[in-house]
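Text of the file query38.tsv, holding TSV, N, CA and C atoms:
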```
chain	number	residue	atom	x	y	z
N	1	MET	N	170.63	88.39	151.45
N	1	MET	CA	169.27	87.96	151.52
N	1	MET	C	169.01	87.02	150.35
N	2	PRO	N	168.29	85.95	150.59
N	2	PRO	CA	168.00	85.00	149.52
N	2	PRO	C	167.17	85.66	148.41
N	3	LYS	N	167.37	85.18	147.18
N	3	LYS	CA	166.66	85.73	146.03
N	3	LYS	C	165.15	85.52	146.16
N	4	GLN	N	164.73	84.37	146.75
N	4	GLN	CA	163.31	84.09	146.90
N	4	GLN	C	162.64	85.16	147.76
N	5	ARG	N	163.29	85.50	148.84
N	5	ARG	CA	162.72	86.48	149.76
N	5	ARG	C	162.67	87.85	149.10
N	6	GLN	N	163.71	88.18	148.34
N	6	GLN	CA	163.74	89.46	147.66
N	6	GLN	C	162.62	89.54	146.63
N	7	SER	N	162.41	88.48	145.86
N	7	SER	CA	161.37	88.51	144.84
N	7	SER	C	159.98	88.53	145.49
N	8	LYS	N	159.85	87.93	146.66
N	8	LYS	CA	158.57	87.95	147.37
N	8	LYS	C	158.19	89.40	147.72
N	9	PHE	N	159.13	90.17	148.22
N	9	PHE	CA	158.86	91.56	148.55
N	9	PHE	C	158.61	92.39	147.30
N	10	ALA	N	159.29	92.07	146.22
N	10	ALA	CA	159.06	92.79	144.96
N	10	ALA	C	157.65	92.54	144.45
N	11	ILE	N	157.19	91.30	144.55
N	11	ILE	CA	155.83	90.96	144.09
N	11	ILE	C	154.79	91.67	144.94
N	12	ILE	N	154.98	91.68	146.25
N	12	ILE	CA	154.04	92.38	147.15
N	12	ILE	C	154.01	93.87	146.80
N	13	SER	N	155.16	94.43	146.54
N	13	SER	CA	155.24	95.85	146.18
N	13	SER	C	154.51	96.13	144.87
N	14	ILE	N	154.66	95.26	143.90
N	14	ILE	CA	153.98	95.45	142.61
N	14	ILE	C	152.47	95.35	142.79
N	15	VAL	N	152.01	94.39	143.59
N	15	VAL	CA	150.56	94.23	143.83
N	15	VAL	C	150.00	95.49	144.50
N	16	LEU	N	150.71	96.02	145.50
N	16	LEU	CA	150.24	97.23	146.17
N	16	LEU	C	150.21	98.43	145.21
N	17	THR	N	151.20	98.51	144.34
N	17	THR	CA	151.24	99.60	143.36
N	17	THR	C	150.07	99.49	142.39
N	18	LEU	N	149.77	98.27	141.94
N	18	LEU	CA	148.62	98.08	141.04
N	18	LEU	C	147.31	98.42	141.75
N	19	GLY	N	147.23	98.07	143.03
N	19	GLY	CA	146.04	98.44	143.81
N	19	GLY	C	145.89	99.94	143.92
N	20	ALA	N	147.00	100.64	144.14
N	20	ALA	CA	146.95	102.10	144.20
N	20	ALA	C	146.52	102.68	142.86
N	21	PHE	N	147.06	102.13	141.78
N	21	PHE	CA	146.68	102.60	140.45
N	21	PHE	C	145.18	102.41	140.22
N	22	ALA	N	144.66	101.26	140.64
N	22	ALA	CA	143.22	100.98	140.49
N	22	ALA	C	142.40	101.99	141.28
N	23	LEU	N	142.83	102.34	142.49
N	23	LEU	CA	142.11	103.34	143.28
N	23	LEU	C	142.15	104.71	142.62
N	24	PHE	N	143.29	105.07	142.03
N	24	PHE	CA	143.39	106.35	141.33
N	24	PHE	C	142.43	106.39	140.13
N	25	VAL	N	142.36	105.29	139.40
N	25	VAL	CA	141.46	105.23	138.24
N	25	VAL	C	140.00	105.33	138.71
N	26	LEU	N	139.65	104.60	139.77
N	26	LEU	CA	138.28	104.67	140.30
N	26	LEU	C	137.93	106.08	140.74
N	27	ALA	N	138.86	106.74	141.43
N	27	ALA	CA	138.59	108.08	141.94
N	27	ALA	C	138.46	109.09	140.82
N	28	THR	N	139.13	108.85	139.71
N	28	THR	CA	139.15	109.82	138.62
N	28	THR	C	138.02	109.62	137.61
N	29	PHE	N	137.76	108.39	137.23
N	29	PHE	CA	136.88	108.15	136.08
N	29	PHE	C	135.51	107.56	136.40
N	30	VAL	N	135.27	107.04	137.58
N	30	VAL	CA	133.98	106.41	137.90
N	30	VAL	C	133.11	107.44	138.60
N	31	ASP	N	132.03	107.87	137.90
N	31	ASP	CA	131.17	108.94	138.41
N	31	ASP	C	130.46	108.60	139.72
N	32	PRO	N	129.91	107.39	139.92
N	32	PRO	CA	129.23	107.12	141.20
N	32	PRO	C	130.17	107.21	142.42
N	33	LEU	N	131.46	107.10	142.18
N	33	LEU	CA	132.41	107.18	143.29
N	33	LEU	C	133.05	108.57	143.43
N	34	SER	N	132.55	109.53	142.68
N	34	SER	CA	133.15	110.87	142.71
N	34	SER	C	133.03	111.53	144.08
N	35	ALA	N	132.01	111.17	144.84
N	35	ALA	CA	131.87	111.72	146.19
N	35	ALA	C	132.98	111.24	147.12
N	36	TYR	N	133.58	110.11	146.77
N	36	TYR	CA	134.63	109.53	147.62
N	36	TYR	C	136.03	109.68	146.99
N	37	SER	N	136.15	110.58	146.05
N	37	SER	CA	137.42	110.68	145.31
N	37	SER	C	138.59	111.04	146.23
N	38	THR	N	138.36	111.93	147.18
N	38	THR	CA	139.46	112.31	148.09
N	38	THR	C	139.91	111.11	148.92
N	39	GLU	N	138.95	110.36	149.44
N	39	GLU	CA	139.29	109.20	150.26
N	39	GLU	C	140.01	108.13	149.42
N	40	LEU	N	139.54	107.94	148.19
N	40	LEU	CA	140.19	106.96	147.31
N	40	LEU	C	141.62	107.38	146.96
N	41	MET	N	141.81	108.67	146.71
N	41	MET	CA	143.15	109.17	146.41
N	41	MET	C	144.09	109.00	147.61
N	42	VAL	N	143.60	109.30	148.81
N	42	VAL	CA	144.42	109.14	150.02
N	42	VAL	C	144.75	107.67	150.24
N	43	ALA	N	143.76	106.80	150.02
N	43	ALA	CA	144.01	105.36	150.16
N	43	ALA	C	145.04	104.89	149.13
N	44	GLY	N	144.93	105.38	147.90
N	44	GLY	CA	145.91	105.03	146.87
N	44	GLY	C	147.30	105.52	147.22
N	45	LEU	N	147.39	106.73	147.74
N	45	LEU	CA	148.69	107.26	148.16
N	45	LEU	C	149.27	106.43	149.31
N	46	ALA	N	148.42	106.01	150.24
N	46	ALA	CA	148.88	105.16	151.34
N	46	ALA	C	149.41	103.82	150.82
N	47	LEU	N	148.72	103.27	149.81
N	47	LEU	CA	149.20	102.02	149.22
N	47	LEU	C	150.54	102.22	148.51
N	48	LEU	N	150.72	103.34	147.84
N	48	LEU	CA	152.00	103.62	147.19
N	48	LEU	C	153.13	103.76	148.21
N	49	ILE	N	152.86	104.43	149.31
N	49	ILE	CA	153.87	104.59	150.36
N	49	ILE	C	154.20	103.22	150.97
N	50	ALA	N	153.19	102.41	151.22
N	50	ALA	CA	153.42	101.07	151.76
N	50	ALA	C	154.22	100.23	150.77
N	51	SER	N	153.89	100.36	149.49
N	51	SER	CA	154.60	99.62	148.46
N	51	SER	C	156.08	100.00	148.44
N	52	TRP	N	156.35	101.28	148.48
N	52	TRP	CA	157.73	101.77	148.48
N	52	TRP	C	158.47	101.27	149.72
N	53	GLY	N	157.82	101.36	150.88
N	53	GLY	CA	158.46	100.90	152.12
N	53	GLY	C	158.77	99.42	152.10
N	54	ILE	N	157.85	98.62	151.62
N	54	ILE	CA	158.08	97.17	151.56
N	54	ILE	C	159.19	96.84	150.58
N	55	TYR	N	159.19	97.51	149.45
N	55	TYR	CA	160.21	97.21	148.44
N	55	TYR	C	161.62	97.57	148.93
N	56	PHE	N	161.77	98.73	149.53
N	56	PHE	CA	163.11	99.17	149.91
N	56	PHE	C	163.55	98.70	151.28
N	57	PHE	N	162.62	98.56	152.22
N	57	PHE	CA	163.03	98.23	153.58
N	57	PHE	C	162.53	96.88	154.08
N	58	GLY	N	161.60	96.27	153.40
N	58	GLY	CA	160.99	95.04	153.89
N	58	GLY	C	161.93	93.87	153.97
N	59	GLY	N	162.84	93.75	153.05
N	59	GLY	CA	163.71	92.59	153.02
N	59	GLY	C	165.02	92.76	153.76
N	60	ARG	N	165.23	93.92	154.32
N	60	ARG	CA	166.51	94.16	155.00
N	60	ARG	C	166.43	93.71	156.44
N	61	ARG	N	167.48	93.10	156.86
N	61	ARG	CA	167.61	92.74	158.28
N	61	ARG	C	168.53	93.75	158.93
N	62	ALA	N	168.55	93.72	160.24
N	62	ALA	CA	169.47	94.61	160.95
N	62	ALA	C	170.90	94.27	160.54
N	63	GLN	N	171.67	95.28	160.26
N	63	GLN	CA	173.05	95.08	159.82
N	63	GLN	C	173.89	94.54	160.97
N	64	LYS	N	174.53	93.41	160.73
N	64	LYS	CA	175.46	92.87	161.72
N	64	LYS	C	176.83	93.48	161.45
N	65	PRO	N	177.53	93.83	162.50
N	65	PRO	CA	178.87	94.37	162.25
N	65	PRO	C	179.75	93.30	161.61
N	66	GLU	N	180.38	93.68	160.53
N	66	GLU	CA	181.24	92.74	159.82
N	66	GLU	C	182.56	92.61	160.57
N	67	GLU	N	183.11	91.42	160.45
N	67	GLU	CA	184.42	91.22	161.05
N	67	GLU	C	185.44	92.03	160.28
N	68	ALA	N	186.47	92.46	160.99
N	68	ALA	CA	187.48	93.28	160.34
N	68	ALA	C	188.13	92.50	159.20
N	69	ALA	N	188.24	93.14	158.05
N	69	ALA	CA	188.84	92.51	156.89
N	69	ALA	C	190.33	92.80	156.85
N	70	GLU	N	190.84	93.39	157.93
N	70	GLU	CA	192.25	93.72	157.99
N	70	GLU	C	192.73	93.67	159.43
N	71	ASN	N	194.01	93.49	159.59
N	71	ASN	CA	194.64	93.47	160.90
N	71	ASN	C	195.42	94.78	161.04
N	72	VAL	N	195.09	95.59	162.04
N	72	VAL	CA	195.73	96.89	162.21
N	72	VAL	C	196.88	96.74	163.20
N	73	ILE	N	198.04	97.21	162.78
N	73	ILE	CA	199.28	97.08	163.56
N	73	ILE	C	199.75	98.46	163.99
N	74	THR	N	200.20	98.57	165.24
N	74	THR	CA	200.81	99.79	165.76
N	74	THR	C	202.31	99.55	165.89
N	75	VAL	N	203.10	100.45	165.34
N	75	VAL	CA	204.57	100.36	165.42
N	75	VAL	C	205.03	101.33	166.50
N	76	ILE	N	205.79	100.80	167.47
N	76	ILE	CA	206.31	101.60	168.57
N	76	ILE	C	207.80	101.80	168.36
N	77	GLY	N	208.24	103.03	168.51
N	77	GLY	CA	209.65	103.35	168.35
N	77	GLY	C	210.16	104.10	169.58
N	78	CYS	N	211.46	104.32	169.61
N	78	CYS	CA	212.09	105.03	170.72
N	78	CYS	C	212.86	106.21	170.16
N	79	ARG	N	212.83	107.32	170.89
N	79	ARG	CA	213.56	108.51	170.47
N	79	ARG	C	215.04	108.42	170.83
N	80	GLY	N	215.39	107.55	171.75
N	80	GLY	CA	216.79	107.45	172.20
N	80	GLY	C	217.58	106.34	171.52
N	81	CYS	N	216.93	105.27	171.12
N	81	CYS	CA	217.62	104.15	170.48
N	81	CYS	C	216.84	103.70	169.25
N	82	ASP	N	217.27	102.64	168.61
N	82	ASP	CA	216.61	102.17	167.40
N	82	ASP	C	215.59	101.06	167.67
N	83	LEU	N	215.03	101.07	168.84
N	83	LEU	CA	214.05	100.03	169.18
N	83	LEU	C	212.82	100.16	168.27
N	84	ARG	N	212.41	99.02	167.72
N	84	ARG	CA	211.20	98.96	166.90
N	84	ARG	C	210.39	97.77	167.37
N	85	GLU	N	209.16	98.03	167.76
N	85	GLU	CA	208.30	96.98	168.30
N	85	GLU	C	206.93	97.11	167.65
N	86	GLU	N	206.28	95.99	167.38
N	86	GLU	CA	204.94	96.00	166.79
N	86	GLU	C	203.97	95.32	167.75
N	87	ARG	N	202.77	95.85	167.76
N	87	ARG	CA	201.69	95.24	168.55
N	87	ARG	C	200.37	95.53	167.85
N	88	GLY	N	199.33	94.86	168.29
N	88	GLY	CA	198.02	95.10	167.72
N	88	GLY	C	197.52	96.49	168.08
N	89	PHE	N	196.73	97.06	167.21
N	89	PHE	CA	196.17	98.38	167.43
N	89	PHE	C	195.24	98.35	168.63
N	90	ALA	N	195.32	99.38	169.47
N	90	ALA	CA	194.42	99.53	170.61
N	90	ALA	C	193.66	100.84	170.45
N	91	GLN	N	192.43	100.86	170.89
N	91	GLN	CA	191.64	102.08	170.77
N	91	GLN	C	192.35	103.21	171.51
N	92	GLY	N	192.45	104.34	170.87
N	92	GLY	CA	193.13	105.49	171.46
N	92	GLY	C	194.54	105.67	170.92
N	93	ASP	N	195.02	104.71	170.14
N	93	ASP	CA	196.34	104.84	169.52
N	93	ASP	C	196.31	105.90	168.43
N	94	TYR	N	197.35	106.70	168.36
N	94	TYR	CA	197.53	107.64	167.26
N	94	TYR	C	199.02	107.89	167.08
N	95	VAL	N	199.40	108.31	165.89
N	95	VAL	CA	200.81	108.49	165.56
N	95	VAL	C	201.38	109.62	166.41
N	96	PHE	N	202.59	109.40	166.90
N	96	PHE	CA	203.36	110.30	167.77
N	96	PHE	C	202.84	110.36	169.21
N	97	LYS	N	201.99	109.44	169.59
N	97	LYS	CA	201.51	109.37	170.98
N	97	LYS	C	202.66	108.90	171.86
N	98	GLU	N	202.92	109.62	172.93
N	98	GLU	CA	203.98	109.25	173.88
N	98	GLU	C	203.50	108.08	174.73
N	99	LEU	N	204.35	107.08	174.89
N	99	LEU	CA	203.97	105.88	175.64
N	99	LEU	C	204.75	105.70	176.93
N	100	GLY	N	205.70	106.54	177.17
N	100	GLY	CA	206.48	106.42	178.40
N	100	GLY	C	207.92	106.04	178.12
N	101	GLN	N	208.58	105.50	179.13
N	101	GLN	CA	210.00	105.17	179.01
N	101	GLN	C	210.21	103.90	178.18
N	102	CYS	N	211.29	103.91	177.41
N	102	CYS	CA	211.66	102.78	176.57
N	102	CYS	C	212.08	101.59	177.44
N	103	LYS	N	211.88	100.39	176.93
N	103	LYS	CA	212.27	99.17	177.65
N	103	LYS	C	213.77	98.94	177.59
N	104	LYS	N	214.41	99.52	176.59
N	104	LYS	CA	215.82	99.26	176.33
N	104	LYS	C	216.75	100.36	176.84
N	105	CYS	N	216.29	101.61	176.79
N	105	CYS	CA	217.13	102.75	177.20
N	105	CYS	C	216.28	103.75	177.97
N	106	PRO	N	216.88	104.82	178.48
N	106	PRO	CA	216.09	105.81	179.23
N	106	PRO	C	215.28	106.78	178.36
N	107	GLY	N	215.29	106.59	177.03
N	107	GLY	CA	214.54	107.48	176.13
N	107	GLY	C	213.04	107.24	176.20
N	108	ASN	N	212.31	108.10	175.53
N	108	ASN	CA	210.85	107.99	175.50
N	108	ASN	C	210.40	107.18	174.29
N	109	SER	N	209.47	106.25	174.52
N	109	SER	CA	208.90	105.50	173.40
N	109	SER	C	207.62	106.20	172.94
N	110	TYR	N	207.31	106.03	171.65
N	110	TYR	CA	206.14	106.67	171.07
N	110	TYR	C	205.62	105.80	169.93
N	111	ILE	N	204.43	106.10	169.47
N	111	ILE	CA	203.87	105.37	168.33
N	111	ILE	C	204.43	105.99	167.07
N	112	ARG	N	205.18	105.20	166.35
N	112	ARG	CA	205.85	105.68	165.14
N	112	ARG	C	204.94	105.59	163.92
N	113	ALA	N	204.14	104.54	163.82
N	113	ALA	CA	203.28	104.36	162.66
N	113	ALA	C	202.12	103.43	163.01
N	114	ILE	N	201.07	103.53	162.23
N	114	ILE	CA	199.92	102.61	162.32
N	114	ILE	C	199.58	102.21	160.89
N	115	TYR	N	199.45	100.91	160.65
N	115	TYR	CA	199.11	100.45	159.31
N	115	TYR	C	198.23	99.21	159.39
N	116	ALA	N	197.61	98.90	158.27
N	116	ALA	CA	196.69	97.76	158.20
N	116	ALA	C	197.24	96.72	157.26
N	117	VAL	N	197.08	95.45	157.64
N	117	VAL	CA	197.47	94.33	156.81
N	117	VAL	C	196.19	93.57	156.46
N	118	PRO	N	195.86	93.47	155.17
N	118	PRO	CA	194.63	92.76	154.79
N	118	PRO	C	194.72	91.28	155.18
N	119	LEU	N	193.61	90.75	155.68
N	119	LEU	CA	193.56	89.33	156.01
N	119	LEU	C	193.38	88.52	154.74
N	120	LYS	N	193.98	87.36	154.70
N	120	LYS	CA	193.86	86.50	153.51
N	120	LYS	C	192.49	85.85	153.51
N	121	LYS	N	191.84	85.88	152.35
N	121	LYS	CA	190.53	85.24	152.23
N	121	LYS	C	190.75	83.76	151.96
N	122	GLU	N	189.93	82.97	152.63
N	122	GLU	CA	190.06	81.52	152.49
N	122	GLU	C	189.06	80.99	151.51
```
Rewrite the coordinates I just gave you, this time as C-alpha cells.
Amino acid sequence: MPKQRQSKFAIISIVLTLGAFALFVLATFVDPLSAYSTELMVAGLALLIASWGIYFFGGRRAQKPEEAAENVITVIGCRGCDLREERGFAQGDYVFKELGQCKKCPGNSYIRAIYAVPLKKE
C-alpha cells in the first residue's frame, strides 16, 4: 500500500481519537452536559472503535494469492529397477504413493521424494 494512503488512514484515526477524547472530557467535566454523560461516553467509545477499525483495517485490500516462490518437484522411482523420473508436483501427491506399473520394467512405480526448488528472483 502506498505511504500516502497509509498516512491518510492514520490521520483519520488520530482525528477520531481526539474527537472521542473531547467527548469524554465533555461528559466528565462540563456540568450542563452531565445529563447527557452516558450518551457522550457511548459516542466517544463508538469513535474510538471506528478509529481503531480505520487504522488497522481501512488501508488493507483483499489479499491476492501470491505466485509460488518455488517450483515443487515430484521424484518418481521404481521398486524393480533404478528408474528415476521427475515431474511437476500435482495435487494429491505424497511420498510412497503407488503410481502403477513402471514404464521400463514390470515393477511398481511410486513417489520417492517431493522437494521444492526456489525460483530465481529477477
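The space separating atom CA of N:Phe29 from atom CA of N:Gly44 comes to 14.4 Å.
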Practice prompt. Can you list, as a ChimeraX atom specification, all residues belonging to chain N that DSSP tags as strand (DSSP E)?
Written response: /N:70-78,84-88,98-101,108-118
Discussion item. Set the distance at 8 Å and use all atoms listed in the file: which residues neighbour N:Gly80 once local chain neighbours fewer than 6 positions away are removed? I'd like the list as an NGL selection string.
Written reply: :N and (102 or 105-109)
Item to complete: Would you kindly return, as a list in words, each protein, DNA or RNA residue with an atom no farther than 8 Å from any atom of N:Leu18, considering all atoms listed in the file and excluding same-chain residues fewer than 6 positions away?
Response: Ile12, Phe24, Leu47 and Leu48 of chain N
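Of the listed residues (N:Phe96, N:Ala50, N:Ala113, N:Leu40), N:Leu40 comes nearest to N:Val25; the distances count all atoms listed in the file.
When atom N of N:Leu16 is paired with atom N of N:Ala43, their separation reads 13.6 Å.
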Could you write stretch 32-61 of chain N of the block just shown to a file containing N, CA and C atoms, as a short mmCIF file (atom, residue, chain, number, x, y, z; two decimals), in the first residue's frame?
```cif
data_model
loop_
_atom_site.label_atom_id
_atom_site.label_comp_id
_atom_site.auth_asym_id
_atom_site.auth_seq_id
_atom_site.Cartn_x
_atom_site.Cartn_y
_atom_site.Cartn_z
N PRO N 32 -23.27 21.41 32.57
CA PRO N 32 -24.54 21.47 31.83
C PRO N 32 -24.79 20.22 30.96
N LEU N 33 -23.73 19.50 30.65
CA LEU N 33 -23.90 18.29 29.82
C LEU N 33 -23.95 17.01 30.65
N SER N 34 -24.01 17.14 31.96
CA SER N 34 -23.99 15.95 32.82
C SER N 34 -25.20 15.05 32.59
N ALA N 35 -26.31 15.62 32.17
CA ALA N 35 -27.50 14.81 31.89
C ALA N 35 -27.27 13.89 30.68
N TYR N 36 -26.33 14.28 29.83
CA TYR N 36 -26.07 13.50 28.61
C TYR N 36 -24.74 12.73 28.69
N SER N 37 -24.24 12.55 29.89
CA SER N 37 -22.91 11.94 30.02
C SER N 37 -22.87 10.52 29.47
N THR N 38 -23.91 9.75 29.69
CA THR N 38 -23.92 8.37 29.17
C THR N 38 -23.88 8.37 27.65
N GLU N 39 -24.69 9.22 27.03
CA GLU N 39 -24.72 9.28 25.57
C GLU N 39 -23.37 9.76 25.01
N LEU N 40 -22.77 10.75 25.69
CA LEU N 40 -21.47 11.24 25.24
C LEU N 40 -20.38 10.17 25.37
N MET N 41 -20.43 9.42 26.46
CA MET N 41 -19.46 8.34 26.64
C MET N 41 -19.63 7.25 25.58
N VAL N 42 -20.87 6.89 25.27
CA VAL N 42 -21.12 5.87 24.24
C VAL N 42 -20.67 6.38 22.88
N ALA N 43 -20.94 7.66 22.60
CA ALA N 43 -20.49 8.23 21.33
C ALA N 43 -18.96 8.25 21.26
N GLY N 44 -18.31 8.59 22.36
CA GLY N 44 -16.84 8.57 22.40
C GLY N 44 -16.29 7.18 22.19
N LEU N 45 -16.92 6.20 22.82
CA LEU N 45 -16.49 4.81 22.64
C LEU N 45 -16.68 4.37 21.19
N ALA N 46 -17.79 4.78 20.57
CA ALA N 46 -18.02 4.45 19.16
C ALA N 46 -16.94 5.07 18.26
N LEU N 47 -16.56 6.31 18.59
CA LEU N 47 -15.49 6.96 17.82
C LEU N 47 -14.15 6.23 17.99
N LEU N 48 -13.87 5.77 19.20
CA LEU N 48 -12.63 5.01 19.43
C LEU N 48 -12.63 3.69 18.65
N ILE N 49 -13.76 3.01 18.63
CA ILE N 49 -13.86 1.75 17.88
C ILE N 49 -13.70 2.03 16.38
N ALA N 50 -14.34 3.08 15.89
CA ALA N 50 -14.20 3.43 14.48
C ALA N 50 -12.75 3.80 14.16
N SER N 51 -12.12 4.53 15.07
CA SER N 51 -10.72 4.91 14.88
C SER N 51 -9.83 3.68 14.78
N TRP N 52 -10.02 2.75 15.67
CA TRP N 52 -9.23 1.51 15.67
C TRP N 52 -9.46 0.74 14.38
N GLY N 53 -10.73 0.62 13.98
CA GLY N 53 -11.05 -0.12 12.75
C GLY N 53 -10.44 0.51 11.52
N ILE N 54 -10.50 1.82 11.41
CA ILE N 54 -9.92 2.51 10.26
C ILE N 54 -8.41 2.36 10.24
N TYR N 55 -7.80 2.48 11.40
CA TYR N 55 -6.34 2.40 11.45
C TYR N 55 -5.83 1.01 11.07
N PHE N 56 -6.46 -0.02 11.59
CA PHE N 56 -5.96 -1.37 11.35
C PHE N 56 -6.49 -2.02 10.09
N PHE N 57 -7.73 -1.72 9.71
CA PHE N 57 -8.32 -2.42 8.57
C PHE N 57 -8.64 -1.53 7.38
N GLY N 58 -8.62 -0.24 7.55
CA GLY N 58 -9.04 0.67 6.49
C GLY N 58 -8.16 0.64 5.26
N GLY N 59 -6.88 0.49 5.44
CA GLY N 59 -5.97 0.56 4.31
C GLY N 59 -5.67 -0.78 3.66
N ARG N 60 -6.22 -1.83 4.20
CA ARG N 60 -5.91 -3.15 3.64
C ARG N 60 -6.85 -3.49 2.51
N ARG N 61 -6.28 -4.06 1.50
CA ARG N 61 -7.09 -4.57 0.39
C ARG N 61 -7.20 -6.07 0.55
#
```
